[in-house]
Amino acid sequence: MNIGIVCYPTYGGSGIVATELGMELANRGHKIHFISYALPKRLYQVTSNIFFHEVEISNYPLFEFPLYTPSLASKIIEVAETHNLDIVHAHYAIPHATSAYLAKQIVKNKNLKIITTLHGTDITLVGVEPYFLPVVKFSIENSDGVTAVSKFLKDKTIENFNINKEIEVIPNFVDTNKYFRKNNPELRKTIAPLKNKIVVHISNFRAVKRIQDVITIFKNINSKIPSTLILVGDGPDKLIAKELINKLNLEKDVILLGKQSDLTDILSMADLFLLPSQIESFGLAALEAMSCGVPVIASNSGGISEVVLHNITGFTANVGDIENFTKYSLQILENESLHQKFILAAQEQAKHFEMDKIIKHYEDYYLKIVNSN
Ligand code: GMT
């Protein structure tokens, strides 16, 4: 099939899922056309059936704000007509599903199908703001196919937008052949004293990630056992994080690594992964950690509980419940046999989200939509 993939090119989860999906579909012989305003961060694979089409944005002085939605629609039309696309797969509803809908009304090929994958805050936070809601609802209802990355997100979409439409749950995936525990003693030595337990958090440092909770929980862990916190990622709350690290005198025990493209080396050193988010529709970072044999302690909010199994692969706790997050962290880090049990269970659970199985689900769904009227 000829497939256009519209996504954000940044380190966010929706862009990562879209990019890895596209690369794997290309490995299976499909022609994949990525459409975005920049080259997606994880698009490192160069093959003859992967193409990238950059959306140009006008900076005409009359426009106070960049007009991305029509520019994206125009690029989708150009790519769809030049490369005879069968499907445009929009990842994250705002504004990708809207631009795709607009493009479909204009393209000559009336068989072009639009599939929208809902990822998270497009449904749970920003998408329900009154300045977006009617457009998001319309764009979802008028997609030929709609998928959500968790059962929670499907139910939330129906509830928040009062939508009467079939939504297919296709969970996020991990390549367990790439995300596995790789011992690298030389690297481990350079990161922290050997006696230290290593706690990791990876995110885009938005308010929803509750980075202050990560640091406060770590402070509590650190006051009981020798430990190091590795923070990976960047975003609006980075400064808040740095201020809190200084205020709590944690400078020596917290390492800020910024954005990283290869996470397996870092995850392979970790003893524990923290994800105390306000909400996560899925929690891709938790799945990648589990695949590398890292137990996760996460909020029990949103779809995380479909990924992290309480008291089996880690623990879940209420949002902001620092006391329980701390208690669970110490339980794992201070009890070697429990830790080993959770490591194995986390790796086992990650296999349920094995890439091959989920890509096949997407391929089957594509066929169903392409063959529908
Ligand atoms: O919805 C967002 O906040 C953005 C999106 C992204 O691009 O980072 O994240 C969401 O999509 C990921 C991939 O499907 C999920 O793993 C994340 O849980 C989800 N984020 C939230 O729900 C906050």
# chains A, B, ... in the order shown; residues from 1 in each chain; ligands from 1
>>> residues_near_ligand(ligand="ligand 1", cutoff="8 Å", atoms="only C-alpha atoms and all ligand atoms", output="compact mmCIF listing (two decimals) with all heavy atoms, in the first residue's frame")
# COMPACT_ATOMS: atom_id res chain seq x y z
N TYR A 8 3.79 14.52 14.44
CA TYR A 8 4.71 15.50 14.99
C TYR A 8 6.11 14.89 14.93
O TYR A 8 6.29 13.70 15.20
CB TYR A 8 4.34 15.85 16.43
CG TYR A 8 3.13 16.77 16.47
CD1 TYR A 8 1.88 16.32 16.87
CD2 TYR A 8 3.26 18.09 16.04
CE1 TYR A 8 0.79 17.16 16.86
CE2 TYR A 8 2.16 18.94 16.03
CZ TYR A 8 0.93 18.47 16.43
OH TYR A 8 -0.15 19.30 16.41
N THR A 10 8.67 15.53 16.79
CA THR A 10 9.43 15.70 18.04
C THR A 10 9.58 14.38 18.80
O THR A 10 9.15 13.34 18.34
CB THR A 10 8.68 16.71 18.92
OG1 THR A 10 7.30 16.33 18.93
CG2 THR A 10 8.79 18.12 18.37
N TYR A 11 10.17 14.49 20.01
CA TYR A 11 10.41 13.29 20.81
C TYR A 11 9.16 12.76 21.50
O TYR A 11 9.23 11.77 22.21
CB TYR A 11 11.49 13.57 21.87
CG TYR A 11 12.89 13.51 21.30
CD1 TYR A 11 13.56 14.66 20.92
CD2 TYR A 11 13.54 12.29 21.14
CE1 TYR A 11 14.84 14.61 20.39
CE2 TYR A 11 14.83 12.23 20.62
CZ TYR A 11 15.47 13.39 20.25
OH TYR A 11 16.74 13.33 19.72
N GLY A 12 8.00 13.44 21.35
CA GLY A 12 6.76 12.99 22.00
C GLY A 12 6.35 11.60 21.54
O GLY A 12 6.73 11.14 20.45
N GLY A 13 5.56 10.94 22.38
CA GLY A 13 5.19 9.55 22.12
C GLY A 13 4.45 9.34 20.82
O GLY A 13 4.69 8.34 20.12
N SER A 14 3.57 10.26 20.43
CA SER A 14 2.79 10.03 19.20
C SER A 14 3.70 10.03 17.97
O SER A 14 3.52 9.23 17.06
CB SER A 14 1.68 11.08 19.06
OG SER A 14 2.22 12.37 18.92
N GLY A 15 4.69 10.93 17.98
CA GLY A 15 5.65 10.99 16.86
C GLY A 15 6.51 9.74 16.81
O GLY A 15 6.83 9.22 15.73
N ILE A 16 6.86 9.23 17.99
CA ILE A 16 7.70 8.02 18.05
C ILE A 16 6.92 6.82 17.51
O ILE A 16 7.41 6.05 16.68
CB ILE A 16 8.16 7.76 19.51
CG1 ILE A 16 9.19 8.82 19.91
CG2 ILE A 16 8.73 6.35 19.67
CD1 ILE A 16 9.56 8.81 21.37
N VAL A 17 5.67 6.68 17.97
CA VAL A 17 4.85 5.56 17.52
C VAL A 17 4.67 5.64 15.99
O VAL A 17 4.84 4.65 15.27
CB VAL A 17 3.47 5.56 18.23
CG1 VAL A 17 2.53 4.55 17.61
CG2 VAL A 17 3.66 5.28 19.72
N TYR A 92 -2.37 11.84 16.18
CA TYR A 92 -2.75 12.98 17.04
C TYR A 92 -3.76 13.82 16.25
O TYR A 92 -3.47 14.30 15.15
CB TYR A 92 -1.53 13.83 17.44
CG TYR A 92 -1.73 14.65 18.68
CD1 TYR A 92 -1.45 14.14 19.94
CD2 TYR A 92 -2.20 15.96 18.61
CE1 TYR A 92 -1.63 14.91 21.09
CE2 TYR A 92 -2.38 16.73 19.74
CZ TYR A 92 -2.09 16.20 20.99
OH TYR A 92 -2.27 16.96 22.12
N LEU A 118 -5.73 8.31 17.82
CA LEU A 118 -5.80 9.22 18.97
C LEU A 118 -4.72 8.79 19.95
O LEU A 118 -4.57 7.60 20.24
CB LEU A 118 -7.18 9.14 19.61
CG LEU A 118 -8.33 9.32 18.59
CD1 LEU A 118 -9.66 8.99 19.20
CD2 LEU A 118 -8.31 10.74 18.03
N HIS A 119 -3.98 9.77 20.48
CA HIS A 119 -2.85 9.41 21.34
C HIS A 119 -2.99 9.82 22.79
O HIS A 119 -2.45 9.17 23.66
CB HIS A 119 -1.56 10.01 20.77
CG HIS A 119 -0.99 9.20 19.65
ND1 HIS A 119 -0.16 8.13 19.87
CD2 HIS A 119 -1.16 9.28 18.32
CE1 HIS A 119 0.18 7.58 18.70
NE2 HIS A 119 -0.42 8.26 17.74
N GLY A 120 -3.61 10.95 23.07
CA GLY A 120 -3.64 11.31 24.49
C GLY A 120 -4.28 12.65 24.74
O GLY A 120 -5.50 12.77 24.78
N THR A 121 -3.45 13.68 24.89
CA THR A 121 -4.00 14.98 25.28
C THR A 121 -4.88 15.59 24.19
O THR A 121 -5.61 16.54 24.46
CB THR A 121 -2.87 15.96 25.65
OG1 THR A 121 -1.88 15.92 24.63
CG2 THR A 121 -2.24 15.58 26.98
N ASP A 122 -4.82 15.05 22.97
CA ASP A 122 -5.77 15.50 21.93
C ASP A 122 -7.20 15.16 22.35
O ASP A 122 -8.16 15.76 21.87
CB ASP A 122 -5.43 14.90 20.54
CG ASP A 122 -5.13 13.40 20.56
OD1 ASP A 122 -4.99 12.82 21.65
OD2 ASP A 122 -5.02 12.81 19.47
N ILE A 123 -7.33 14.21 23.28
CA ILE A 123 -8.64 13.76 23.75
C ILE A 123 -8.87 14.14 25.21
O ILE A 123 -9.95 14.59 25.58
CB ILE A 123 -8.73 12.21 23.62
CG1 ILE A 123 -8.59 11.79 22.15
CG2 ILE A 123 -10.00 11.65 24.25
CD1 ILE A 123 -9.58 12.43 21.20
N THR A 124 -7.83 13.98 26.03
CA THR A 124 -8.05 14.13 27.47
C THR A 124 -7.86 15.56 27.97
O THR A 124 -8.44 15.93 28.98
CB THR A 124 -7.09 13.22 28.26
OG1 THR A 124 -5.75 13.50 27.82
CG2 THR A 124 -7.39 11.75 28.01
N VAL A 149 -5.00 4.35 21.41
CA VAL A 149 -3.87 3.53 21.88
C VAL A 149 -4.16 2.76 23.16
O VAL A 149 -3.32 1.99 23.63
CB VAL A 149 -2.57 4.37 22.05
CG1 VAL A 149 -2.11 4.94 20.71
CG2 VAL A 149 -2.75 5.47 23.09
N PRO A 171 -3.02 -0.96 20.69
CA PRO A 171 -2.08 -0.41 21.68
C PRO A 171 -0.73 -0.07 21.07
O PRO A 171 -0.40 -0.53 19.97
CB PRO A 171 -1.95 -1.54 22.71
CG PRO A 171 -2.44 -2.77 22.05
CD PRO A 171 -3.34 -2.37 20.92
N ASN A 172 0.03 0.72 21.79
CA ASN A 172 1.39 1.01 21.35
C ASN A 172 2.24 -0.26 21.46
O ASN A 172 1.82 -1.25 22.07
CB ASN A 172 1.98 2.13 22.19
CG ASN A 172 1.31 3.45 21.86
OD1 ASN A 172 0.84 3.64 20.73
ND2 ASN A 172 1.22 4.34 22.82
N ASN A 204 8.83 14.50 28.18
CA ASN A 204 9.02 15.78 27.51
C ASN A 204 8.79 16.95 28.47
O ASN A 204 8.52 18.07 28.04
CB ASN A 204 8.15 15.89 26.26
CG ASN A 204 6.75 15.40 26.52
OD1 ASN A 204 6.30 15.36 27.67
ND2 ASN A 204 6.03 15.03 25.48
N VAL A 208 1.99 17.98 32.65
CA VAL A 208 1.26 16.72 32.83
C VAL A 208 2.16 15.60 33.38
O VAL A 208 1.68 14.64 33.99
CB VAL A 208 0.56 16.35 31.48
CG1 VAL A 208 1.57 15.85 30.47
CG2 VAL A 208 -0.55 15.35 31.66
N LYS A 209 3.46 15.75 33.21
CA LYS A 209 4.40 14.70 33.66
C LYS A 209 4.74 14.81 35.15
O LYS A 209 5.36 13.91 35.71
CB LYS A 209 5.70 14.75 32.84
CG LYS A 209 5.50 14.61 31.35
CD LYS A 209 5.01 13.22 30.97
CE LYS A 209 4.70 13.14 29.49
NZ LYS A 209 4.22 11.84 29.06
N SER A 277 2.72 10.74 36.24
CA SER A 277 1.97 11.73 35.45
C SER A 277 0.57 12.00 35.98
O SER A 277 -0.05 11.13 36.59
CB SER A 277 1.82 11.23 34.01
OG SER A 277 3.05 10.89 33.46
N GLN A 278 0.09 13.18 35.65
CA GLN A 278 -1.30 13.55 35.93
C GLN A 278 -2.23 12.58 35.22
O GLN A 278 -3.22 12.11 35.75
CB GLN A 278 -1.54 14.98 35.40
CG GLN A 278 -2.89 15.58 35.73
CD GLN A 278 -3.00 15.87 37.21
OE1 GLN A 278 -2.00 16.19 37.85
NE2 GLN A 278 -4.19 15.72 37.76
N ILE A 279 -1.88 12.31 33.97
CA ILE A 279 -2.63 11.34 33.16
C ILE A 279 -1.72 10.84 32.05
O ILE A 279 -0.84 11.57 31.58
CB ILE A 279 -3.92 11.97 32.59
CG1 ILE A 279 -4.84 10.91 31.99
CG2 ILE A 279 -3.63 13.05 31.56
CD1 ILE A 279 -6.27 11.36 31.81
N GLU A 280 -1.89 9.58 31.66
CA GLU A 280 -1.20 9.03 30.48
C GLU A 280 -2.23 8.15 29.79
O GLU A 280 -2.80 7.27 30.42
CB GLU A 280 -0.02 8.14 30.87
CG GLU A 280 1.22 8.81 31.38
CD GLU A 280 1.99 9.59 30.34
OE1 GLU A 280 1.80 9.37 29.13
OE2 GLU A 280 2.79 10.43 30.76
N SER A 281 -2.43 8.35 28.52
CA SER A 281 -3.37 7.48 27.82
C SER A 281 -2.79 6.08 27.70
O SER A 281 -3.51 5.10 27.64
CB SER A 281 -3.67 8.03 26.44
OG SER A 281 -2.49 8.00 25.69
N PHE A 282 -1.47 5.99 27.68
CA PHE A 282 -0.80 4.69 27.53
C PHE A 282 0.49 4.65 28.37
O PHE A 282 0.61 3.82 29.26
CB PHE A 282 -0.48 4.43 26.05
CG PHE A 282 0.14 3.09 25.80
CD1 PHE A 282 -0.66 1.98 25.52
CD2 PHE A 282 1.51 2.89 25.85
CE1 PHE A 282 -0.10 0.72 25.31
CE2 PHE A 282 2.08 1.64 25.65
CZ PHE A 282 1.27 0.55 25.37
N GLY A 283 1.43 5.53 28.06
CA GLY A 283 2.70 5.52 28.79
C GLY A 283 3.75 4.70 28.05
O GLY A 283 4.27 3.71 28.58
N LEU A 284 4.07 5.14 26.82
CA LEU A 284 5.03 4.40 25.99
C LEU A 284 6.39 4.26 26.69
O LEU A 284 7.04 3.21 26.61
CB LEU A 284 5.19 5.11 24.64
CG LEU A 284 6.13 4.47 23.65
CD1 LEU A 284 5.64 3.09 23.23
CD2 LEU A 284 6.33 5.36 22.42
N ALA A 285 6.81 5.32 27.39
CA ALA A 285 8.12 5.28 28.05
C ALA A 285 8.15 4.15 29.09
O ALA A 285 9.18 3.48 29.26
CB ALA A 285 8.41 6.62 28.72
N GLY A 302 -5.65 7.17 33.85
CA GLY A 302 -5.68 6.95 32.41
C GLY A 302 -5.45 5.50 32.05
O GLY A 302 -5.91 4.59 32.75
N GLY A 303 -4.69 5.29 30.97
CA GLY A 303 -4.49 3.93 30.46
C GLY A 303 -3.26 3.24 31.00
O GLY A 303 -2.94 2.12 30.57
N ILE A 304 -2.56 3.85 31.93
CA ILE A 304 -1.29 3.25 32.42
C ILE A 304 -1.54 1.86 33.00
O ILE A 304 -0.72 0.95 32.81
CB ILE A 304 -0.61 4.14 33.49
CG1 ILE A 304 -0.23 5.50 32.89
CG2 ILE A 304 0.65 3.46 34.01
CD1 ILE A 304 0.53 6.38 33.84
>>> residues_around(residues="Glu243 (chain A)", least_positions_apart="5", cutoff="12 Å", atoms="only C-alpha atoms", output="NGL selection string")
:A and (211-212 or 215 or 237-238 or 248-251)
>>> closest_atom_pairs(of="region 46-145 of chain A", to="region 158-169 of chain A", cutoff="12 Å", atoms="only C-alpha atoms", output="tab-separated table")
residue	atom	partner	partner_atom	distance
A:Ile115	CA	A:Ile167	CA	10.6
A:Thr116	CA	A:Ile167	CA	9.8
A:Thr117	CA	A:Glu168	CA	9.2
A:Leu118	CA	A:Ile167	CA	9.6
A:His119	CA	A:Val169	CA	10.9
A:Thr121	CA	A:Asn160	CA	11.8
A:Asp122	CA	A:Asn160	CA	11.0
A:Ile123	CA	A:Asn160	CA	7.5
A:Thr124	CA	A:Asn160	CA	7.8
A:Leu125	CA	A:Asn160	CA	10.0
A:Val126	CA	A:Asn160	CA	11.6
A:Gly127	CA	A:Asn160	CA	9.2
A:Val128	CA	A:Asn160	CA	7.0
A:Glu129	CA	A:Asn160	CA	10.5
A:Pro130	CA	A:Phe161	CA	11.3
A:Phe132	CA	A:Phe161	CA	11.1
A:Leu133	CA	A:Phe161	CA	7.5
A:Pro134	CA	A:Phe161	CA	8.4
A:Val135	CA	A:Phe161	CA	10.4
A:Val136	CA	A:Phe161	CA	8.4
A:Lys137	CA	A:Phe161	CA	5.9
A:Phe138	CA	A:Ile163	CA	9.3
A:Ser139	CA	A:Ile163	CA	11.0
A:Ile140	CA	A:Ile163	CA	8.4
A:Glu141	CA	A:Lys165	CA	6.6
A:Asn142	CA	A:Lys165	CA	9.4
A:Ser143	CA	A:Lys165	CA	9.8
A:Asp144	CA	A:Glu166	CA	10.0
A:Gly145	CA	A:Ile167	CA	7.4
>>> residues_around(residues="His83 (chain A)", least_positions_apart="5", cutoff="9 Å", atoms="only C-alpha atoms", output="short mmCIF file (atom, residue, chain, number, x, y, z; two decimals) with N, CA and C atoms, in the first residue's frame")
data_model
loop_
_atom_site.label_atom_id
_atom_site.label_comp_id
_atom_site.auth_asym_id
_atom_site.auth_seq_id
_atom_site.Cartn_x
_atom_site.Cartn_y
_atom_site.Cartn_z
N ASN A 2 0.32 2.33 -0.51
CA ASN A 2 1.00 3.63 -0.42
C ASN A 2 0.36 4.39 0.75
N HIS A 33 5.15 7.48 3.22
CA HIS A 33 5.43 8.91 3.00
C HIS A 33 5.16 9.67 4.30
N GLU A 78 -0.86 17.25 -2.25
CA GLU A 78 0.25 17.08 -3.22
C GLU A 78 0.81 15.65 -3.16
#
>>> select_by_dssp(residues="region 47-296 of chain A", states="strand (DSSP E)", output="ChimeraX atom specification")
/A:50-54,87-91,113-118,145-148,168-169,197-202,227-232,254-258,272-275,296
>>> closest_atom_pairs(of="region 141-193 of chain A", to="region 306-315 of chain A", cutoff="9 Å", atoms="only C-alpha atoms", output="tab-separated table")
residue	atom	partner	partner_atom	distance
A:Ser150	CA	A:Glu306	CA	7.4
A:Lys151	CA	A:Glu306	CA	8.1
A:Phe152	CA	A:Glu306	CA	8.3
>>> closest_atom_pairs(of="region 150-197 of chain A", to="region 348-366 of chain A", cutoff="8 Å", atoms="only C-alpha atoms", output="Markdown table")
| residue | atom | partner | partner_atom | distance |
| --- | --- | --- | --- | --- |
| A:Ile170 | CA | A:Ile358 | CA | 7.0 |
| A:Pro171 | CA | A:Ile358 | CA | 7.2 |
| A:Asn172 | CA | A:Phe353 | CA | 6.8 |
| A:Phe173 | CA | A:Phe353 | CA | 4.8 |
| A:Val174 | CA | A:Met355 | CA | 5.1 |
| A:Asp175 | CA | A:Met355 | CA | 5.0 |
| A:Thr176 | CA | A:Glu354 | CA | 6.4 |
>>> residues_around(residues="Ala192 (chain A)", least_positions_apart="6", cutoff="9 Å", atoms="only C-alpha atoms", output="VMD selection string")
chain A and resid 198 227 to 228 253
>>> closest_residue(among="A:Gly320, A:Phe51, A:Lys178, A:Leu367", to="Ser291 (chain A)", atoms="only C-alpha atoms")
A:Lys178
>>> residues_around(residues="Ala289 (chain A)", least_positions_apart="4", cutoff="7 Å", atoms="only C-alpha atoms", output="list in words")
Leu267, Phe273, Ala285, Gly293 and Val294 of chain A
>>> write_last_selection(atoms="C-alpha atoms", output="mmCIF file, in the first residue's frame")
data_model
loop_
_atom_site.group_PDB
_atom_site.id
_atom_site.type_symbol
_atom_site.label_atom_id
_atom_site.label_comp_id
_atom_site.auth_asym_id
_atom_site.auth_seq_id
_atom_site.Cartn_x
_atom_site.Cartn_y
_atom_site.Cartn_z
ATOM 1 C CA LEU A 267 17.262 1.968 30.610
ATOM 2 C CA PHE A 273 11.443 3.877 36.380
ATOM 3 C CA ALA A 285 8.122 5.281 28.053
ATOM 4 C CA GLY A 293 13.716 -5.143 32.549
ATOM 5 C CA VAL A 294 12.927 -2.082 34.624
#
>>> atom_distance(atom1="CA of Leu72 (chain A)", atom2="CA of Arg42 (chain A)")
20.7 Å
